[in-house]
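Heads up, upload_27.txt below (compact mmCIF, C-alpha atoms and all ligand atoms):
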# COMPACT_ATOMS: atom_id res chain seq x y z
CA MET A 33 11.46 -0.72 22.31
CA ASN A 34 10.73 -0.25 26.02
CA ASN A 35 12.13 3.27 25.91
CA MET A 36 9.99 3.97 22.88
CA LEU A 37 6.88 2.66 24.66
CA SER A 38 7.44 4.84 27.71
CA PHE A 39 8.01 7.80 25.40
CA VAL A 40 4.75 7.05 23.61
CA ARG A 41 2.90 6.60 26.92
CA LYS A 42 3.87 10.16 27.84
CA LEU A 43 2.60 11.41 24.50
CA VAL A 44 -0.67 9.49 24.62
CA PRO A 45 -2.42 10.01 27.95
CA SER A 46 -5.01 7.25 27.63
CA SER A 47 -3.88 3.94 29.11
CA SER A 48 -6.57 1.72 27.61
CA ALA A 49 -5.34 -1.78 26.81
CA ASN A 50 -6.34 -1.49 23.17
CA LYS A 51 -4.50 1.76 22.71
CA LEU A 52 -1.25 0.49 24.23
CA HIS A 53 -1.51 -2.74 22.25
CA PHE A 54 -1.90 -0.67 19.09
CA ILE A 55 1.02 1.58 20.01
CA LYS A 56 3.30 -1.37 20.74
CA LEU A 57 2.55 -2.84 17.32
CA THR A 58 3.30 0.44 15.57
CA CYS A 59 6.69 0.86 17.23
CA ASN A 60 8.31 -1.63 14.84
CA ARG A 61 7.02 0.39 11.92
CA PHE A 62 8.22 3.57 13.59
CA TYR A 63 11.76 2.21 13.54
CA SER A 64 11.41 1.05 9.96
CA ASN A 65 10.43 4.57 8.96
CA ILE A 66 13.61 5.87 10.55
CA VAL A 67 15.61 3.27 8.62
CA ASN A 68 13.85 4.33 5.41
CA ASP A 69 14.63 7.99 6.12
CA ILE A 70 18.28 7.11 6.58
CA GLU A 71 18.23 5.19 3.29
CA GLU A 72 16.56 8.13 1.53
CA ASN A 73 19.36 10.40 2.71
CA SER A 74 22.17 7.95 2.01
CA THR A 75 24.53 8.16 -0.92
CA TYR A 76 22.58 5.47 -2.84
CA HIS A 77 22.33 6.39 -6.52
CA PRO A 78 19.89 4.29 -8.55
CA PRO A 79 20.87 3.31 -12.09
CA SER A 80 19.55 5.75 -14.69
CA TYR A 81 18.62 2.89 -17.04
CA VAL A 82 17.43 -0.68 -16.52
CA LYS A 83 17.10 -3.19 -19.34
CA LEU A 84 13.61 -4.67 -19.61
CA PRO A 85 12.21 -7.14 -22.17
CA PRO A 86 10.74 -5.34 -25.23
CA LEU A 87 7.18 -4.04 -25.19
CA THR A 88 5.75 -6.63 -27.61
CA GLY A 89 2.20 -6.65 -26.26
CA VAL A 90 2.33 -10.45 -26.24
CA ARG A 91 0.93 -11.36 -22.84
CA LYS A 92 1.22 -14.55 -20.85
CA LYS A 93 -1.90 -16.24 -19.55
CA GLN A 94 -2.01 -15.09 -15.95
CA ILE A 95 -2.60 -17.33 -12.94
CA PHE A 96 -5.22 -14.91 -11.62
CA ASP A 97 -8.55 -13.64 -12.96
CA TYR A 98 -8.22 -10.28 -11.21
CA PHE A 99 -5.58 -8.12 -9.64
CA LEU A 100 -6.59 -5.84 -6.77
CA ILE A 101 -4.21 -2.92 -6.85
CA LEU A 102 -4.01 -1.36 -3.40
CA ASP A 103 -2.10 1.60 -2.01
CA PHE A 104 -2.90 2.90 1.48
CA GLU A 105 -1.93 6.32 2.78
CA ALA A 106 -1.55 6.86 6.52
CA THR A 107 -1.05 9.62 9.06
CA CYS A 108 2.60 10.63 9.16
CA ASP A 109 5.08 13.29 10.16
CA ALA A 110 8.81 14.01 9.85
CA PRO A 111 11.44 13.85 11.16
CA LYS A 112 9.56 11.97 13.92
CA ASN A 113 6.67 9.93 12.65
CA VAL A 114 3.15 9.85 14.08
CA VAL A 115 2.62 7.04 16.60
CA PRO A 116 0.45 5.14 16.00
CA GLN A 117 0.02 5.62 12.27
CA GLU A 118 -3.51 5.13 10.93
CA ILE A 119 -4.81 4.54 7.42
CA ILE A 120 -6.43 7.69 5.99
CA GLU A 121 -6.94 6.64 2.34
CA PHE A 122 -8.18 3.21 1.22
CA PRO A 123 -8.13 2.82 -2.60
CA VAL A 124 -8.32 -0.47 -4.51
CA LEU A 125 -8.63 -0.99 -8.29
CA LYS A 126 -10.11 -4.22 -9.65
CA VAL A 127 -8.04 -4.98 -12.75
CA ASN A 128 -9.01 -7.70 -15.20
CA ALA A 129 -5.97 -9.99 -15.56
CA THR A 130 -6.66 -10.63 -19.26
CA THR A 131 -7.45 -7.13 -20.56
CA PHE A 132 -5.53 -5.28 -17.81
CA GLU A 133 -8.35 -2.72 -17.74
CA THR A 134 -9.73 -1.39 -14.46
CA GLU A 135 -13.27 -2.72 -14.09
CA SER A 136 -14.18 -1.20 -10.74
CA THR A 137 -12.75 1.12 -8.09
CA PHE A 138 -13.14 1.15 -4.33
CA HIS A 139 -12.03 4.45 -2.82
CA SER A 140 -12.63 6.06 0.54
CA TYR A 141 -10.81 8.47 2.76
CA VAL A 142 -10.71 7.37 6.40
CA ARG A 143 -11.07 9.50 9.53
CA PRO A 144 -8.14 8.86 11.88
CA VAL A 145 -9.18 8.30 15.51
CA MET A 146 -5.97 8.06 17.56
CA ASN A 147 -4.36 11.17 16.05
CA PRO A 148 -7.28 12.97 14.38
CA GLU A 149 -5.29 16.07 13.34
CA LEU A 150 -3.30 15.63 10.14
CA THR A 151 0.16 17.20 10.15
CA SER A 152 1.10 19.72 7.50
CA PHE A 153 3.82 17.24 6.43
CA CYS A 154 1.14 14.60 5.81
CA THR A 155 -1.02 16.99 3.76
CA ARG A 156 1.98 18.10 1.69
CA LEU A 157 3.07 14.49 1.08
CA THR A 158 -0.31 12.94 0.26
CA GLY A 159 -2.46 15.90 -0.83
CA ILE A 160 -4.99 14.81 1.83
CA THR A 161 -6.35 17.73 3.82
CA GLN A 162 -8.08 17.79 7.20
CA GLU A 163 -11.42 18.48 5.51
CA MET A 164 -11.01 15.37 3.33
CA VAL A 165 -10.92 13.07 6.38
CA ASP A 166 -12.97 14.92 9.02
CA LYS A 167 -16.41 13.77 7.90
CA GLN A 168 -15.35 10.38 6.61
CA PRO A 169 -16.16 7.04 8.27
CA ASP A 170 -13.54 5.49 10.56
CA PHE A 171 -11.46 2.47 9.54
CA GLU A 172 -13.90 -0.15 10.81
CA ASP A 173 -16.72 1.27 8.68
CA VAL A 174 -14.55 1.74 5.59
CA TYR A 175 -13.24 -1.81 5.88
CA GLU A 176 -16.81 -3.06 6.11
CA ASP A 177 -17.69 -1.05 2.97
CA PHE A 178 -14.66 -2.60 1.28
CA GLN A 179 -15.87 -6.10 2.12
CA TYR A 180 -19.30 -5.28 0.64
CA TRP A 181 -17.55 -4.03 -2.49
CA MET A 182 -15.53 -7.27 -2.75
CA HIS A 183 -18.75 -9.26 -2.39
CA ASN A 184 -20.70 -7.13 -4.91
CA GLU A 185 -17.88 -7.38 -7.45
CA ASN A 186 -18.01 -11.21 -7.18
CA ILE A 187 -14.34 -11.26 -6.27
CA LEU A 188 -14.92 -13.71 -3.43
CA LYS A 189 -17.01 -16.06 -5.56
CA ASP A 190 -15.90 -19.72 -5.72
CA GLY A 191 -13.50 -20.33 -8.58
CA ILE A 192 -12.37 -16.69 -8.91
CA LYS A 193 -8.62 -16.29 -8.48
CA PHE A 194 -7.34 -12.91 -7.41
CA SER A 195 -4.34 -11.34 -5.75
CA PHE A 196 -3.55 -7.97 -4.30
CA ILE A 197 -0.72 -6.02 -5.90
CA THR A 198 1.14 -3.43 -3.86
CA CYS A 199 4.27 -1.35 -4.31
CA GLY A 200 6.44 -2.62 -1.45
CA ASP A 201 5.34 -4.58 1.61
CA TRP A 202 4.29 -1.72 3.88
CA ASP A 203 0.58 -1.81 3.00
CA LEU A 204 -0.19 -5.45 3.79
CA LYS A 205 2.74 -6.43 6.01
CA TYR A 206 2.64 -3.42 8.34
CA ILE A 207 -0.10 -0.82 8.32
CA PHE A 208 -3.11 -3.03 7.48
CA PRO A 209 -2.42 -5.83 10.03
CA ILE A 210 -1.42 -3.25 12.66
CA GLN A 211 -4.66 -1.35 12.15
CA CYS A 212 -6.66 -4.60 12.22
CA LYS A 213 -4.96 -5.89 15.38
CA GLY A 214 -5.54 -2.61 17.18
CA LEU A 215 -9.24 -2.84 16.38
CA ARG A 216 -9.47 -6.63 16.83
CA ILE A 217 -10.42 -7.08 13.17
CA HIS A 218 -9.72 -10.45 11.56
CA VAL A 219 -7.24 -10.32 8.65
CA PRO A 220 -8.50 -12.60 5.89
CA ASP A 221 -6.06 -15.13 4.42
CA TYR A 222 -6.29 -13.47 0.99
CA MET A 223 -4.68 -10.36 2.47
CA LYS A 224 -1.78 -12.29 3.99
CA ARG A 225 -0.06 -13.06 0.67
CA TRP A 226 0.29 -10.62 -2.18
CA ILE A 227 2.29 -9.54 -5.21
CA ASN A 228 4.91 -6.91 -4.40
CA ILE A 229 5.49 -5.30 -7.78
CA LYS A 230 9.05 -4.39 -6.82
CA TYR A 231 9.92 -8.11 -6.65
CA SER A 232 8.03 -8.72 -9.93
CA PHE A 233 10.01 -5.92 -11.55
CA GLU A 234 13.24 -7.43 -10.19
CA THR A 235 12.31 -10.82 -11.69
CA LEU A 236 11.92 -9.20 -15.10
CA SER A 237 14.93 -6.85 -15.01
CA SER A 238 17.35 -8.32 -12.43
CA THR A 239 17.30 -4.91 -10.72
CA TYR A 240 15.46 -4.25 -7.47
CA PRO A 241 13.76 -0.86 -7.86
CA LYS A 242 13.71 1.43 -4.84
CA ASN A 243 10.33 3.01 -5.59
CA MET A 244 7.45 3.38 -8.01
CA ALA A 245 8.81 6.53 -9.65
CA LEU A 246 11.92 4.60 -10.72
CA MET A 247 9.90 1.65 -12.05
CA MET A 248 7.78 4.09 -14.08
CA LYS A 249 10.90 5.79 -15.41
CA TYR A 250 12.59 2.48 -16.34
CA SER A 251 9.36 1.43 -18.10
CA GLN A 252 9.19 4.77 -19.93
CA LEU A 253 5.89 5.70 -18.31
CA GLU A 254 5.02 9.18 -17.05
CA LEU A 255 3.80 9.51 -13.46
CA GLU A 256 0.28 10.96 -13.52
CA GLY A 257 -1.49 12.78 -10.67
CA GLN A 258 0.17 13.30 -7.31
CA LEU A 259 2.77 10.87 -6.02
CA HIS A 260 1.64 9.58 -2.57
CA SER A 261 -2.02 10.20 -3.31
CA GLY A 262 -3.34 6.67 -2.75
CA ILE A 263 -5.75 6.68 -5.68
CA ASP A 264 -3.23 8.27 -8.07
CA ASP A 265 -0.58 5.76 -6.95
CA CYS A 266 -3.04 2.92 -7.68
CA LYS A 267 -3.75 4.29 -11.18
CA ASN A 268 -0.03 4.61 -11.92
CA LEU A 269 0.54 1.09 -10.57
CA ALA A 270 -2.23 -0.23 -12.84
CA ARG A 271 -0.47 1.33 -15.87
CA LEU A 272 2.82 -0.19 -14.73
CA VAL A 273 1.24 -3.64 -14.24
CA LYS A 274 -0.18 -3.48 -17.78
CA ASN A 275 3.16 -2.33 -19.18
CA LEU A 276 5.02 -5.20 -17.50
CA ALA A 277 2.40 -7.69 -18.73
CA ASP A 278 2.99 -6.35 -22.26
CA ARG A 279 6.68 -7.20 -21.74
CA GLY A 280 5.80 -10.83 -20.94
CA MET A 281 5.50 -10.64 -17.14
CA LEU A 282 3.76 -13.50 -15.36
CA PHE A 283 2.58 -12.15 -12.02
CA GLU A 284 3.02 -14.59 -9.14
CA LEU A 285 2.59 -14.28 -5.39
CA ASN A 286 5.94 -13.17 -4.01
CA ALA A 287 5.33 -11.55 -0.62
CA GLY A 288 3.78 -12.29 2.76
CA GLY A 289 3.12 -15.73 4.16
CA ARG A 290 5.50 -18.44 3.01
CA CYS A 291 6.62 -17.61 -0.52
MG MG B 301 1.00 5.75 -1.90

Please render this file's structure as structure tokens.
Ligand SMILES: [Mg+2]
Amino acid sequence: MNNMLSFVRKLVPSSSANKLHFIKLTCNRFYSNIVNDIEENSTYHPPSYVKLPPLTGVRKKQIFDYFLILDFEATCDAPKNVVPQEIIEFPVLKVNATTFETESTFHSYVRPVMNPELTSFCTRLTGITQEMVDKQPDFEDVYEDFQYWMHNENILKDGIKFSFITCGDWDLKYIFPIQCKGLRIHVPDYMKRWINIKYSFETLSSTYPKNMALMMKYSQLELEGQLHSGIDDCKNLARLVKNLADRGMLFELNAGGRC
């Protein structure tokens, strides 16, 4: 870690306390990206078929009133990742937990500040171009807009039960708290526990799925839009959530905090 920090210090000339604090926090994620890359290139072969309960359409009464389906995209590069990574797309779907229809959408691209130039790798992966982020608000402003949206949608109203759903833990365990800490933004308790749909899928099928594409395939759903576009990923996740509910899934908190 110390070697990594001195390497990063050479790359990033500013020595402001905030910047170094931010960089230190992102180093853990940097290593996890390397581990993920190694896994991607390993000899792991996922099963071609996973047995799921039948698609009866008979749904369980859910614990929550709403699911907030969230999928951030962030600055990135390969083989060496961008340090620090910053959120560049902030999409959230408000899904009714009875009808499983999307009732409202929050979506904004975010202008990165620490590394304002997107890499060609990032644009290829996410479909997000430099023009799409250049004139956008920065993270602090987008997060403020998001909080207004939550308030206007009555999600924070007393008696309303909601949970975020993500694909994996990266969004709310790594990039969001890292971005918030770097900017001294308070992370609300409702973003410290969430539903990781991979664990939900494992509960239903006894198979831990490596990624969303596999879960879609096992559920006989077509991927729509561009994989790794945040908003398209959210829409595909919403279809997957509905499909699993129609197979009898009861969604419960299973990630973050003490589960
Ligand atoms: Mg994504």

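Computed from the coordinates, the atom CA of A:Cys108 to atom CA of A:Ser140 distance equals 18.1 Å.
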
Query - Computed interatomic separation between atom CA of A:Gly262 and atom CA of A:Leu204 (Å) - result: 14.1 Å

Query raised in the report: Hey, what's within 10 Å of A:Phe122 if we count all atoms listed in the file and toss same-chain stuff fewer than 6 positions away? As a PyMOL selection string, please?
Result: chain A and resi 102-106+138-142+171+174-175+178+262-263

Query - Given 12 Å and all atoms listed in the file, residues near ligand MG 301 (chain B) as a ChimeraX atom specification - result: /A:101-107,119-124,154,157-160,198-203,243-245,257-269

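Neighbours of A:Arg91 closer than or equal to 9 Å, with all atoms listed in the file counted and sequence neighbours fewer than 3 positions away skipped, come out as A:Thr88, A:Gln94, A:Thr130, A:Ala277, A:Asp278, A:Arg279, A:Gly280, A:Met281, A:Leu282.
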
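Of note, atom CA of A:Ser152 and atom CA of A:Asp109 are spaced 8.0 Å apart.
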
Give the padded box for stretch 157-163 of chain A as AutoDock Vina command-line options: axis-aligned, covering all atoms listed in the file, 3 Å on each side, centre and edge lengths in Å to one decimal.
--center_x -4.2 --center_y 15.7 --center_z 3.2 --size_x 20.5 --size_y 11.5 --size_z 14.0

Report summary line: With distances taken over only C-alpha atoms, the candidate from A:Leu255, A:Ile227, A:Leu100, A:Val115 nearest A:Ile210 is A:Val115

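If you measure from each of A:Ser251, A:Lys230, A:Tyr98, A:Ile207 to A:Thr134 using all atoms listed in the file, the closest one turns out to be A:Tyr98.
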
Report task. Tell me which of A:Lys126, A:Arg156, A:Lys193, A:Lys112 sits closest to A:Tyr222, counting only C-alpha atoms. Result -> A:Lys193

Query - Counting only C-alpha atoms, the option among A:Phe153, A:Tyr250, A:Phe96, A:Tyr206 closest to A:Asn275 - result: A:Tyr250

Query - Shell around A:Pro78 at 10 Å using only C-alpha atoms, local window under 6 positions removed, as a list in words - result: Thr239, Tyr240, Pro241, Lys242 and Leu246 of chain A

Query raised in the report: Neighbours of A:Ser232 within 8 Å (only C-alpha atoms; same-chain residues fewer than 3 positions away dropped), as a PyMOL selection string?
Result: chain A and resi 227-229+235-236+281+283-284+286

Requested in this report: Tell me which of A:Ala287, A:Glu135, A:Asn113, A:His183 sits closest to A:Thr151, counting only C-alpha atoms.
Outcome: A:Asn113
